[in-house]
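A.B. asks: For reference, the file structure-v8.txt (compact mmCIF, C-alpha atoms) is included below:
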# COMPACT_ATOMS: atom_id res chain seq x y z
CA MET A 1 87.67 -75.66 9.51
CA GLN A 2 91.03 -75.14 7.86
CA PRO A 3 92.40 -71.78 9.07
CA LEU A 4 95.92 -73.13 9.34
CA ASN A 5 98.60 -70.62 10.07
CA GLY A 6 101.90 -71.12 8.33
CA LYS A 7 103.75 -68.82 10.77
CA LEU A 8 107.27 -70.18 11.18
CA PHE A 9 109.62 -68.98 13.86
CA THR A 10 113.36 -68.63 13.19
CA PRO A 11 116.44 -69.91 15.04
CA GLU A 12 116.88 -66.33 16.28
CA ASP A 13 113.40 -66.45 17.84
CA VAL A 14 114.31 -69.77 19.49
CA ALA A 15 117.47 -68.19 20.93
CA ILE A 16 115.51 -65.27 22.39
CA LEU A 17 112.95 -67.60 24.00
CA ARG A 18 115.73 -69.72 25.44
CA ASP A 19 117.38 -66.60 26.83
CA ILE A 20 114.16 -65.47 28.50
CA ILE A 21 113.53 -68.96 29.94
CA CYS A 22 117.08 -69.28 31.30
CA ASN A 23 117.23 -65.76 32.76
CA ARG A 24 113.88 -65.97 34.56
CA ARG A 25 114.29 -65.87 38.36
CA ASP A 26 112.22 -66.03 41.48
CA VAL A 27 112.56 -62.49 42.83
CA ARG A 28 112.22 -61.71 46.53
CA GLY A 29 111.84 -58.61 48.68
CA ASN A 30 115.53 -57.75 48.89
CA ARG A 31 115.57 -57.01 45.15
CA PHE A 32 112.30 -55.20 44.45
CA LEU A 33 112.42 -51.49 43.66
CA ASP A 34 109.90 -49.00 44.95
CA ARG A 35 108.57 -48.25 41.50
CA PRO A 36 105.00 -48.91 40.38
CA VAL A 37 104.14 -51.34 37.60
CA GLU A 38 102.65 -49.32 34.74
CA GLU A 39 99.11 -50.14 33.63
CA ASP A 40 100.15 -51.13 30.08
CA VAL A 41 102.87 -53.41 31.45
CA LEU A 42 100.33 -55.08 33.74
CA GLN A 43 98.03 -55.57 30.76
CA GLN A 44 100.85 -57.32 28.88
CA LEU A 45 101.30 -59.73 31.80
CA LEU A 46 97.58 -60.50 31.94
CA ASP A 47 97.41 -60.87 28.17
CA ALA A 48 100.18 -63.49 28.30
CA ALA A 49 98.29 -65.34 31.04
CA MET A 50 95.00 -65.27 29.12
CA HIS A 51 96.71 -66.93 26.14
CA ALA A 52 97.87 -69.94 28.13
CA PRO A 53 96.63 -73.39 27.19
CA SER A 54 93.64 -74.58 29.22
CA VAL A 55 91.84 -77.88 29.41
CA GLY A 56 88.78 -77.75 27.13
CA PHE A 57 89.55 -74.03 26.53
CA SER A 58 87.99 -73.49 29.95
CA GLN A 59 90.32 -70.60 30.89
CA PRO A 60 89.63 -71.27 34.58
CA TRP A 61 91.93 -68.56 35.98
CA GLU A 62 91.14 -65.52 38.11
CA PHE A 63 93.58 -62.85 39.22
CA VAL A 64 93.21 -60.64 42.28
CA LEU A 65 95.47 -57.60 41.89
CA ILE A 66 96.55 -56.34 45.30
CA LYS A 67 98.27 -53.03 46.04
CA ASP A 68 96.57 -52.25 49.35
CA THR A 69 99.06 -52.26 52.24
CA GLY A 70 96.49 -53.54 54.74
CA ILE A 71 95.66 -56.60 52.64
CA LYS A 72 99.35 -57.28 51.93
CA GLN A 73 100.05 -57.04 55.66
CA GLN A 74 97.45 -59.72 56.43
CA VAL A 75 99.00 -62.03 53.83
CA LYS A 76 102.45 -61.30 55.23
CA GLU A 77 101.22 -62.38 58.66
CA SER A 78 100.18 -65.74 57.22
CA PHE A 79 103.65 -66.06 55.69
CA ILE A 80 105.32 -65.35 59.04
CA ILE A 81 103.27 -68.04 60.81
CA GLU A 82 103.84 -70.66 58.11
CA ASN A 83 107.53 -69.81 57.81
CA GLU A 84 108.05 -70.26 61.56
CA LYS A 85 106.48 -73.70 61.26
CA ALA A 86 108.66 -74.53 58.26
CA ALA A 87 112.16 -73.83 59.58
CA PRO A 88 112.30 -76.72 62.11
CA VAL A 89 111.53 -79.37 59.47
CA PHE A 90 114.98 -78.94 57.94
CA GLU A 91 118.08 -80.55 59.35
CA ALA A 92 120.23 -78.43 61.66
CA GLU A 93 122.77 -77.25 59.11
CA LYS A 94 120.07 -76.19 56.64
CA GLN A 95 118.01 -74.45 59.34
CA ALA A 96 120.77 -71.90 59.79
CA THR A 97 120.70 -71.11 56.08
CA TYR A 98 116.90 -71.19 55.98
CA ILE A 99 116.33 -68.48 58.55
CA HIS A 100 118.63 -66.10 56.68
CA LEU A 101 116.92 -66.52 53.32
CA LYS A 102 114.52 -63.82 52.20
CA LEU A 103 111.69 -65.96 50.85
CA GLU A 104 109.04 -63.45 49.84
CA GLY A 105 108.52 -59.84 48.79
CA ILE A 106 104.91 -59.29 49.82
CA MET A 107 105.36 -55.80 51.28
CA GLU A 108 108.27 -54.72 49.06
CA ALA A 109 106.67 -55.59 45.71
CA PRO A 110 104.34 -52.80 44.56
CA LEU A 111 101.93 -55.37 43.15
CA ASN A 112 100.80 -58.74 44.50
CA ILE A 113 98.64 -61.10 42.44
CA ALA A 114 96.63 -63.89 44.06
CA VAL A 115 95.91 -66.42 41.33
CA PHE A 116 92.89 -68.69 41.67
CA TYR A 117 91.44 -71.71 39.94
CA LYS A 118 87.71 -71.31 39.48
CA PRO A 119 86.05 -74.69 38.82
CA ALA A 120 83.47 -74.68 36.04
CA ASP A 121 79.79 -75.18 36.85
CA ARG A 122 79.40 -77.76 34.04
CA PRO A 123 81.56 -80.58 32.64
CA VAL A 124 84.77 -79.49 30.92
CA LEU A 125 86.12 -81.27 27.85
CA GLY A 126 89.31 -83.10 28.73
CA GLN A 127 88.79 -82.74 32.48
CA THR A 128 86.50 -85.77 32.92
CA SER A 129 89.29 -88.22 33.84
CA MET A 130 91.92 -85.90 35.34
CA GLU A 131 90.28 -83.27 37.50
CA GLU A 132 93.66 -81.64 38.25
CA ALA A 133 93.93 -80.51 34.63
CA GLY A 134 91.96 -77.44 35.67
CA MET A 135 94.56 -76.34 38.21
CA TYR A 136 97.34 -77.17 35.76
CA SER A 137 95.81 -74.75 33.25
CA VAL A 138 96.13 -72.00 35.84
CA VAL A 139 99.80 -72.87 36.36
CA CYS A 140 100.41 -72.61 32.60
CA ALA A 141 98.95 -69.08 32.76
CA ILE A 142 101.29 -68.24 35.64
CA GLN A 143 104.34 -69.49 33.75
CA ASN A 144 103.35 -67.44 30.67
CA MET A 145 103.05 -64.38 32.91
CA TRP A 146 106.40 -65.10 34.56
CA LEU A 147 108.22 -65.33 31.23
CA MET A 148 106.51 -62.20 29.93
CA ALA A 149 107.51 -60.38 33.13
CA ARG A 150 111.15 -61.37 32.57
CA ALA A 151 111.02 -60.17 28.96
CA LEU A 152 109.68 -56.85 30.32
CA ASN A 153 112.58 -56.84 32.84
CA LEU A 154 110.12 -57.19 35.68
CA GLY A 155 110.57 -59.59 38.58
CA ILE A 156 108.06 -62.11 39.90
CA GLY A 157 108.36 -64.15 43.08
CA TRP A 158 105.99 -67.05 43.86
CA VAL A 159 105.19 -67.30 47.58
CA SER A 160 104.01 -70.77 48.56
CA ILE A 161 104.72 -70.53 52.29
CA LEU A 162 101.17 -69.42 53.04
CA ASP A 163 97.95 -70.81 54.50
CA ALA A 164 95.83 -70.96 51.34
CA GLU A 165 92.56 -70.91 53.29
CA LYS A 166 93.61 -67.76 55.15
CA VAL A 167 94.53 -66.00 51.92
CA LYS A 168 91.15 -66.99 50.47
CA ARG A 169 89.42 -65.39 53.45
CA ILE A 170 91.57 -62.25 53.23
CA VAL A 171 90.56 -61.59 49.60
CA LYS A 172 87.00 -62.91 50.16
CA ALA A 173 87.37 -65.61 47.49
CA PRO A 174 84.33 -67.76 46.70
CA GLU A 175 84.34 -71.06 48.59
CA GLN A 176 84.79 -73.22 45.45
CA ASN A 177 87.84 -71.29 44.22
CA LYS A 178 91.30 -72.66 44.94
CA LEU A 179 94.37 -70.51 45.55
CA VAL A 180 97.05 -71.72 43.15
CA ALA A 181 99.70 -69.04 43.61
CA TYR A 182 100.49 -65.81 45.36
CA LEU A 183 102.83 -63.69 43.26
CA CYS A 184 104.92 -60.64 44.14
CA VAL A 185 105.49 -58.45 41.09
CA GLY A 186 107.73 -55.46 40.55
CA TYR A 187 110.84 -53.96 39.05
CA THR A 188 114.10 -55.16 40.47
CA ASP A 189 117.68 -53.95 40.81
CA GLY A 190 118.85 -56.98 38.82
CA PHE A 191 118.43 -60.68 38.26
CA TYR A 192 120.82 -63.28 39.67
CA THR A 193 122.87 -65.17 37.09
CA GLN A 194 121.68 -68.46 38.64
CA PRO A 195 118.76 -69.48 40.85
CA GLU A 196 119.34 -68.09 44.34
CA LEU A 197 119.04 -71.55 45.95
CA GLU A 198 121.77 -72.78 43.62
CA LEU A 199 123.99 -69.81 44.51
CA VAL A 200 123.66 -70.48 48.25
CA HIS A 201 124.26 -74.22 47.68
CA TRP A 202 120.83 -75.22 48.96
CA GLU A 203 120.25 -77.52 45.97
CA LYS A 204 122.25 -78.46 42.88
CA ARG A 205 121.02 -78.21 39.31
CA LYS A 206 119.96 -81.63 38.02
CA ALA A 207 121.47 -83.05 34.87
CA VAL A 208 118.91 -83.80 32.17
CA GLU A 209 120.04 -87.45 32.03
CA LYS A 210 118.81 -87.91 35.62
CA ALA A 211 115.32 -86.81 34.63
CA VAL A 212 114.87 -88.77 31.40
CA PHE A 213 113.75 -92.37 30.85
CA TYR A 214 113.34 -94.23 27.58
CA GLU A 215 110.08 -96.04 26.80
CA ARG A 216 109.55 -96.91 30.51
CA TYR A 217 111.14 -96.67 33.96
CA MET B 218 126.33 -63.36 46.93
CA GLN B 219 125.87 -60.56 44.41
CA PRO B 220 126.13 -62.07 40.93
CA LEU B 221 123.41 -59.82 39.57
CA ASN B 222 122.85 -59.98 35.87
CA GLY B 223 122.00 -56.74 34.14
CA LYS B 224 120.64 -58.49 31.07
CA LEU B 225 117.82 -56.37 29.71
CA PHE B 226 115.42 -57.60 27.08
CA THR B 227 114.10 -55.27 24.38
CA PRO B 228 110.58 -54.48 23.14
CA GLU B 229 111.42 -56.64 20.09
CA ASP B 230 112.13 -59.59 22.40
CA VAL B 231 108.81 -58.98 24.15
CA ALA B 232 107.02 -59.00 20.77
CA ILE B 233 108.62 -62.33 19.82
CA LEU B 234 107.65 -63.92 23.13
CA ARG B 235 104.09 -62.65 22.74
CA ASP B 236 103.98 -64.09 19.24
CA ILE B 237 105.16 -67.49 20.43
CA ILE B 238 102.66 -67.47 23.34
CA CYS B 239 99.73 -66.45 21.12
CA ASN B 240 100.57 -68.91 18.31
CA ARG B 241 100.99 -71.94 20.59
CA ARG B 242 98.30 -74.56 19.97
CA ASP B 243 97.22 -77.92 21.29
CA VAL B 244 98.02 -80.19 18.31
CA ARG B 245 96.13 -83.43 17.72
CA GLY B 246 96.54 -86.51 15.52
CA ASN B 247 94.93 -85.06 12.41
CA ARG B 248 97.78 -82.56 12.09
CA PHE B 249 100.95 -84.50 12.98
CA LEU B 250 103.36 -85.39 10.19
CA ASP B 251 105.14 -88.71 9.93
CA ARG B 252 108.56 -87.16 10.50
CA PRO B 253 110.82 -87.96 13.44
CA VAL B 254 111.83 -85.35 16.02
CA GLU B 255 115.58 -84.84 15.70
CA GLU B 256 117.74 -85.56 18.74
CA ASP B 257 119.03 -81.98 19.01
CA VAL B 258 115.49 -80.62 18.81
CA LEU B 259 114.40 -82.97 21.59
CA GLN B 260 117.33 -81.78 23.69
CA GLN B 261 116.18 -78.18 23.25
CA LEU B 262 112.73 -79.13 24.53
CA LEU B 263 114.16 -80.88 27.57
CA ASP B 264 116.56 -78.02 28.23
CA ALA B 265 113.64 -75.58 28.30
CA ALA B 266 111.83 -77.87 30.75
CA MET B 267 114.87 -78.21 33.01
CA HIS B 268 115.07 -74.40 33.33
CA ALA B 269 111.55 -74.03 34.65
CA PRO B 270 110.98 -72.59 38.12
CA SER B 271 110.56 -75.20 40.83
CA VAL B 272 109.63 -74.95 44.47
CA GLY B 273 112.81 -74.93 46.58
CA PHE B 274 114.78 -75.59 43.34
CA SER B 275 113.61 -79.19 43.75
CA GLN B 276 113.30 -79.84 39.98
CA PRO B 277 110.84 -82.67 40.70
CA TRP B 278 110.14 -83.58 37.04
CA GLU B 279 110.75 -86.83 35.18
CA PHE B 280 110.16 -87.46 31.49
CA VAL B 281 109.48 -90.83 29.90
CA LEU B 282 110.16 -90.58 26.16
CA ILE B 283 108.01 -93.05 24.25
CA LYS B 284 108.38 -94.04 20.60
CA ASP B 285 107.46 -97.71 20.92
CA THR B 286 104.23 -98.54 19.08
CA GLY B 287 103.24 -101.22 21.59
CA ILE B 288 103.44 -98.85 24.54
CA LYS B 289 101.63 -96.10 22.64
CA GLN B 290 98.89 -98.58 21.73
CA GLN B 291 98.33 -99.44 25.41
CA VAL B 292 98.02 -95.75 26.27
CA LYS B 293 95.67 -95.25 23.33
CA GLU B 294 93.44 -98.00 24.72
CA SER B 295 93.17 -96.10 28.00
CA PHE B 296 92.19 -93.00 26.03
CA ILE B 297 89.46 -94.91 24.16
CA ILE B 298 87.93 -96.20 27.39
CA GLU B 299 88.04 -92.81 29.15
CA ASN B 300 86.75 -90.99 26.09
CA GLU B 301 83.74 -93.29 25.80
CA LYS B 302 82.95 -92.52 29.44
CA ALA B 303 83.37 -88.78 28.80
CA ALA B 304 81.02 -88.20 25.85
CA PRO B 305 77.73 -88.82 27.73
CA VAL B 306 78.48 -86.18 30.39
CA PHE B 307 77.94 -83.40 27.88
CA GLU B 308 74.51 -82.14 26.89
CA ALA B 309 72.96 -83.58 23.72
CA GLU B 310 73.98 -80.81 21.35
CA LYS B 311 77.59 -80.87 22.52
CA GLN B 312 77.80 -84.67 22.42
CA ALA B 313 77.41 -84.58 18.65
CA THR B 314 80.34 -82.18 18.38
CA TYR B 315 82.37 -84.09 20.98
CA ILE B 316 82.37 -87.42 19.17
CA HIS B 317 83.69 -85.76 16.00
CA LEU B 318 86.59 -84.01 17.68
CA LYS B 319 90.05 -85.55 17.35
CA LEU B 320 91.28 -85.18 20.93
CA GLU B 321 94.68 -86.89 20.91
CA GLY B 322 97.55 -87.86 18.64
CA ILE B 323 99.06 -90.75 20.57
CA MET B 324 99.70 -93.02 17.59
CA GLU B 325 100.23 -90.29 14.98
CA ALA B 326 102.84 -88.29 16.93
CA PRO B 327 106.31 -89.80 16.49
CA LEU B 328 107.15 -88.99 20.11
CA ASN B 329 105.05 -89.20 23.27
CA ILE B 330 106.29 -87.86 26.60
CA ALA B 331 104.77 -89.01 29.89
CA VAL B 332 105.62 -86.31 32.44
CA PHE B 333 105.77 -87.25 36.11
CA TYR B 334 106.09 -85.50 39.43
CA LYS B 335 108.55 -87.30 41.67
CA PRO B 336 108.07 -86.31 45.32
CA ALA B 337 111.28 -85.62 47.24
CA ASP B 338 112.39 -87.97 50.01
CA ARG B 339 113.10 -85.06 52.35
CA PRO B 340 111.40 -81.71 53.11
CA VAL B 341 111.45 -79.17 50.28
CA LEU B 342 111.87 -75.45 50.91
CA GLY B 343 108.63 -73.66 50.07
CA GLN B 344 106.59 -76.85 49.92
CA THR B 345 105.89 -77.15 53.64
CA SER B 346 102.51 -75.35 53.55
CA MET B 347 101.36 -76.00 49.98
CA GLU B 348 102.17 -79.55 48.96
CA GLU B 349 100.77 -79.00 45.45
CA ALA B 350 103.66 -76.62 44.68
CA GLY B 351 105.62 -79.73 43.63
CA MET B 352 103.15 -80.66 40.91
CA TYR B 353 102.89 -77.04 39.86
CA SER B 354 106.66 -76.97 39.24
CA VAL B 355 106.21 -79.85 36.80
CA VAL B 356 103.49 -77.93 34.98
CA CYS B 357 105.81 -74.94 34.64
CA ALA B 358 108.34 -77.27 32.97
CA ILE B 359 105.65 -78.50 30.58
CA GLN B 360 104.65 -74.97 29.61
CA ASN B 361 108.31 -74.05 28.97
CA MET B 362 108.61 -77.11 26.74
CA TRP B 363 105.36 -76.27 24.93
CA LEU B 364 106.51 -72.74 24.13
CA MET B 365 109.93 -73.97 23.02
CA ALA B 366 108.25 -76.54 20.78
CA ARG B 367 106.19 -73.80 19.13
CA ALA B 368 109.30 -71.67 18.56
CA LEU B 369 110.84 -74.74 16.90
CA ASN B 370 107.66 -75.09 14.79
CA LEU B 371 106.87 -78.36 16.50
CA GLY B 372 103.42 -79.28 17.78
CA ILE B 373 102.52 -80.57 21.24
CA GLY B 374 99.16 -81.93 22.34
CA TRP B 375 98.32 -82.58 26.00
CA VAL B 376 96.14 -85.67 26.48
CA SER B 377 94.26 -85.60 29.79
CA ILE B 378 91.52 -88.09 28.87
CA LEU B 379 93.48 -90.99 30.37
CA ASP B 380 93.45 -93.19 33.43
CA ALA B 381 96.59 -91.93 35.19
CA GLU B 382 97.02 -95.15 37.19
CA LYS B 383 96.92 -97.26 34.03
CA VAL B 384 99.52 -95.09 32.32
CA LYS B 385 101.70 -95.42 35.42
CA ARG B 386 101.48 -99.20 35.18
CA ILE B 387 102.18 -99.17 31.41
CA VAL B 388 105.47 -97.28 31.86
CA LYS B 389 106.28 -99.03 35.17
CA ALA B 390 106.41 -95.76 37.11
CA PRO B 391 107.38 -95.89 40.80
CA GLU B 392 104.37 -95.94 43.12
CA GLN B 393 105.09 -92.52 44.63
CA ASN B 394 105.32 -90.75 41.26
CA LYS B 395 102.31 -88.90 39.91
CA LEU B 396 101.45 -88.59 36.22
CA VAL B 397 101.00 -84.90 35.51
CA ALA B 398 100.74 -84.92 31.71
CA TYR B 399 100.88 -87.13 28.66
CA LEU B 400 102.17 -85.19 25.67
CA CYS B 401 102.12 -85.98 21.95
CA VAL B 402 105.02 -84.30 20.16
CA GLY B 403 105.80 -83.95 16.48
CA TYR B 404 105.96 -81.79 13.40
CA THR B 405 102.65 -80.63 12.02
CA ASP B 406 101.21 -79.46 8.69
CA GLY B 407 100.30 -76.16 10.31
CA PHE B 408 98.95 -74.45 13.38
CA TYR B 409 95.38 -73.16 13.60
CA THR B 410 95.02 -69.38 13.81
CA GLN B 411 92.87 -69.81 16.96
CA PRO B 412 92.39 -72.58 19.51
CA GLU B 413 90.49 -75.44 17.85
CA LEU B 414 87.75 -75.38 20.50
CA GLU B 415 87.21 -71.69 19.75
CA LEU B 416 87.03 -72.38 15.99
CA VAL B 417 84.36 -75.07 16.46
CA HIS B 418 82.43 -72.78 18.88
CA TRP B 419 82.84 -75.15 21.83
CA GLU B 420 83.92 -72.30 24.12
CA LYS B 421 84.43 -68.54 23.70
CA ARG B 422 87.60 -66.67 24.58
CA LYS B 423 87.19 -64.86 27.91
CA ALA B 424 87.74 -61.13 28.19
CA VAL B 425 90.49 -60.20 30.62
CA GLU B 426 88.04 -58.00 32.59
CA LYS B 427 86.05 -61.11 33.51
CA ALA B 428 89.13 -62.69 35.09
CA VAL B 429 90.47 -59.72 37.06
CA PHE B 430 89.53 -58.45 40.52
CA TYR B 431 90.92 -55.48 42.40
CA GLU B 432 92.16 -55.89 45.99
CA ARG B 433 89.54 -58.58 46.72
CA TYR B 434 86.54 -60.40 45.25
Could you quickly redo this structure as structure tokens?

C.D. replies:
Amino acid sequence: MQPLNGKLFTPEDVAILRDIICNRRDVRGNRFLDRPVEEDVLQQLLDAAMHAPSVGFSQPWEFVLIKDTGIKQQVKESFIIENEKAAPVFEAEKQATYIHLKLEGIMEAPLNIAVFYKPADRPVLGQTSMEEAGMYSVVCAIQNMWLMARALNLGIGWVSILDAEKVKRIVKAPEQNKLVAYLCVGYTDGFYTQPELELVHWEKRKAVEKAVFYERY
Amino acid sequence: MQPLNGKLFTPEDVAILRDIICNRRDVRGNRFLDRPVEEDVLQQLLDAAMHAPSVGFSQPWEFVLIKDTGIKQQVKESFIIENEKAAPVFEAEKQATYIHLKLEGIMEAPLNIAVFYKPADRPVLGQTSMEEAGMYSVVCAIQNMWLMARALNLGIGWVSILDAEKVKRIVKAPEQNKLVAYLCVGYTDGFYTQPELELVHWEKRKAVEKAVFYERY
């Protein structure tokens, strides 16, 4: 088994990847355009996801593509309930900001994708000590898709203010599946130059030195 | 707040991203070269990680950079124990393959990175209904780093056959932190043309149609 590939990327390729990574944004309903996502564009997103790393090459991801207004409306209702519960947990000053933030684009985005982790029915190589590696594989697929979307000038927003069990029931997901993400996908009128929560001074960007330790904590 | 960025990527940029995504591999100890990772290259990896999406812009990732042989050796010992427990769970035919697979590069890779999720000490926007969104943010950072490594022609291998609590103790991680990944990083003598577990017929690549559902299951 020696099919080694000598493919070398160039500094120009590195610069393009960096540009895509740094210009990726979480896109919400105030930015989505009413323009459908073309079938070949959707296939490019799914192709990027399918080439993500996965523990034991298990590829444990499933994607439910949702365009139906009735289904989106049910998911939106779950968002509204969870979002009403969320606001009061923040301190007074932040609550005022919170309620003015547009935090999802479920109805506005022409395409929603519910992304699930489907556990294997037999042991998976590499997943015997860290069960979570299966869910992590699904997240790698989502990040591949998100970067590919940005390269295609398409916005994605990840909605996590949802009752995962309700969403599972809405799309009739098998009991053993786990909802990892609910994505809103569509063209946008532009991408912010910085993360929206940085622009509104909700959180500051962390310096790399604050996140790095040498040899041990 | 309208700093919208009109930056548009081109089909050539899309092709480069696809190439990086499809040529990324999980690299193990039989492929790493004995060549240090330069400081500026390491900074590019960390920079890619720091620009990942994170729930509520919480950036909950921490990276422990390990070069010390003694620390690596302790982690390797955890791998050996967990790997011995893992082999018997597979059926007879697969066990024979399993014991011949090189599944980590802890000692061979010049750099190891233990990646942790550090929970916030106050509520995080978007994490109020789905607590796991914090760990998922860390995985997004890892995937960014993995793609950047590939663009820099650097290999990364993700070792999940470890006792996470032991690794925490080895690097003296705070109790509340959670080990998400243990990465082996270094230059390599090449990248396989396909995932190694596909080449050795451990698992087949899934067709996209098997992973996609329309509107609901």

A.B. asks: Which one is closest to B:Lys427: A:Glu198, A:Glu39, A:Glu93, A:Glu62? Count only C-alpha atoms.

C.D. replies: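 Once distances to B:Lys427 are computed over only C-alpha atoms, the minimum belongs to A:Glu62.
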
A.B. asks: Could you state the separation of atom CA of B:Tyr409 and atom CA of A:Val124 in Å, given to one decimal place?

C.D. replies: 21.3 Å

A.B. asks: Once you count only C-alpha atoms, which residues end up no further than 9 Å from (82.1, -84.5, 23.6) in the file's frame, shown as a list in words?

C.D. replies: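 Residues close enough to count: Leu125 and Gly126 of chain A; Asn300, Ala303, Ala304, Pro305, Val306, Phe307, Glu308, Lys311, Gln312, Ala313, Thr314, Tyr315, Ile316, His317 and Leu318 of chain B.
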
A.B. asks: How would the residues just chosen look if you wrote them out with C-alpha atoms as a PDB file, in the coordinates of the input?

C.D. replies:
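What landed in again19.pdb:
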ATOM      1  CA  LEU A 125      86.120 -81.270  27.850  1.00  0.00           C
ATOM      2  CA  GLY A 126      89.310 -83.100  28.730  1.00  0.00           C
TER       3      GLY A 126
ATOM      4  CA  ASN B 300      86.750 -90.990  26.090  1.00  0.00           C
ATOM      5  CA  ALA B 303      83.370 -88.780  28.800  1.00  0.00           C
ATOM      6  CA  ALA B 304      81.020 -88.200  25.850  1.00  0.00           C
ATOM      7  CA  PRO B 305      77.730 -88.820  27.730  1.00  0.00           C
ATOM      8  CA  VAL B 306      78.480 -86.180  30.390  1.00  0.00           C
ATOM      9  CA  PHE B 307      77.940 -83.400  27.880  1.00  0.00           C
ATOM     10  CA  GLU B 308      74.510 -82.140  26.890  1.00  0.00           C
ATOM     11  CA  LYS B 311      77.590 -80.870  22.520  1.00  0.00           C
ATOM     12  CA  GLN B 312      77.800 -84.670  22.420  1.00  0.00           C
ATOM     13  CA  ALA B 313      77.410 -84.580  18.650  1.00  0.00           C
ATOM     14  CA  THR B 314      80.340 -82.180  18.380  1.00  0.00           C
ATOM     15  CA  TYR B 315      82.370 -84.090  20.980  1.00  0.00           C
ATOM     16  CA  ILE B 316      82.370 -87.420  19.170  1.00  0.00           C
ATOM     17  CA  HIS B 317      83.690 -85.760  16.000  1.00  0.00           C
ATOM     18  CA  LEU B 318      86.590 -84.010  17.680  1.00  0.00           C
TER      19      LEU B 318
END

A.B. asks: Which one of A:Ala120, A:Ala151, A:Ile106, A:Val64 sits closest to B:Glu229 if you count only C-alpha atoms?

C.D. replies: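 Among the listed residues, the smallest separation from B:Glu229 belongs to A:Ala151.
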
A.B. asks: Closest to A:Asp163 among A:Val75, A:Cys184, A:Ile113, A:Val14, using all atoms listed in the file?

C.D. replies: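 Once distances to A:Asp163 are computed over all atoms listed in the file, the minimum belongs to A:Val75.
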
A.B. asks: Would you mind reading off the distance between atom CA of A:Glu175 and atom CA of A:Ile71, one decimal, in Å?

C.D. replies: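 Calculated distance between atom CA of A:Glu175 and atom CA of A:Ile71 is 18.8 Å.
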
A.B. asks: Taking only C-alpha atoms into account, name the residue in B:Tyr399, B:Gly407, B:Phe333, B:Ile359 that is nearest to A:Asn5.

C.D. replies: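 Comparing B:Tyr399, B:Gly407, B:Phe333, B:Ile359 against A:Asn5, the winner is B:Gly407.
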
A.B. asks: May I ask for the distance between atom CA of B:Gln393 and atom CA of B:Pro336, given in Å to one decimal place?

C.D. replies: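 About the pair atom CA of B:Gln393 and atom CA of B:Pro336: they are 6.9 Å apart.
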
A.B. asks: Neighbourhood query: residues within 12 Å of (85.0, -68.2, 45.8), file coordinates, counting all atoms listed in the file; return as a list in words.

C.D. replies: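 Answer for this query, in the requested form: Glu62, Val64, Val115, Phe116, Tyr117, Lys118, Pro119, Ala120, Glu165, Val167, Lys168, Arg169, Ile170, Val171, Lys172, Ala173, Pro174, Glu175, Gln176, Asn177, Lys178 and Leu179 of chain A; Phe430, Arg433 and Tyr434 of chain B.
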
A.B. asks: So which residues touch A:Thr193 within 12 Å, counting all atoms listed in the file, skipping near sequence neighbours fewer than 2 positions away, as a CSV table (one decimal) with C-alpha atoms, keeping the file's coordinate frame?

C.D. replies:
chain,number,residue,atom,x,y,z
A,19,ASP,CA,117.4,-66.6,26.8
A,22,CYS,CA,117.1,-69.3,31.3
A,23,ASN,CA,117.2,-65.8,32.8
A,24,ARG,CA,113.9,-66.0,34.6
A,25,ARG,CA,114.3,-65.9,38.4
A,26,ASP,CA,112.2,-66.0,41.5
A,190,GLY,CA,118.8,-57.0,38.8
A,191,PHE,CA,118.4,-60.7,38.3
A,195,PRO,CA,118.8,-69.5,40.8
A,196,GLU,CA,119.3,-68.1,44.3
A,197,LEU,CA,119.0,-71.6,46.0
A,198,GLU,CA,121.8,-72.8,43.6
A,199,LEU,CA,124.0,-69.8,44.5
B,218,MET,CA,126.3,-63.4,46.9
B,219,GLN,CA,125.9,-60.6,44.4
B,220,PRO,CA,126.1,-62.1,40.9
B,221,LEU,CA,123.4,-59.8,39.6
B,222,ASN,CA,122.8,-60.0,35.9
B,223,GLY,CA,122.0,-56.7,34.1
B,224,LYS,CA,120.6,-58.5,31.1

A.B. asks: Of the residues A:Gly56, A:Val212, A:Gln44, A:Phe79, which is the one nearest to B:Trp375, using all atoms listed in the file?

C.D. replies: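 So, comparing all the options, the nearest one is A:Gly56.
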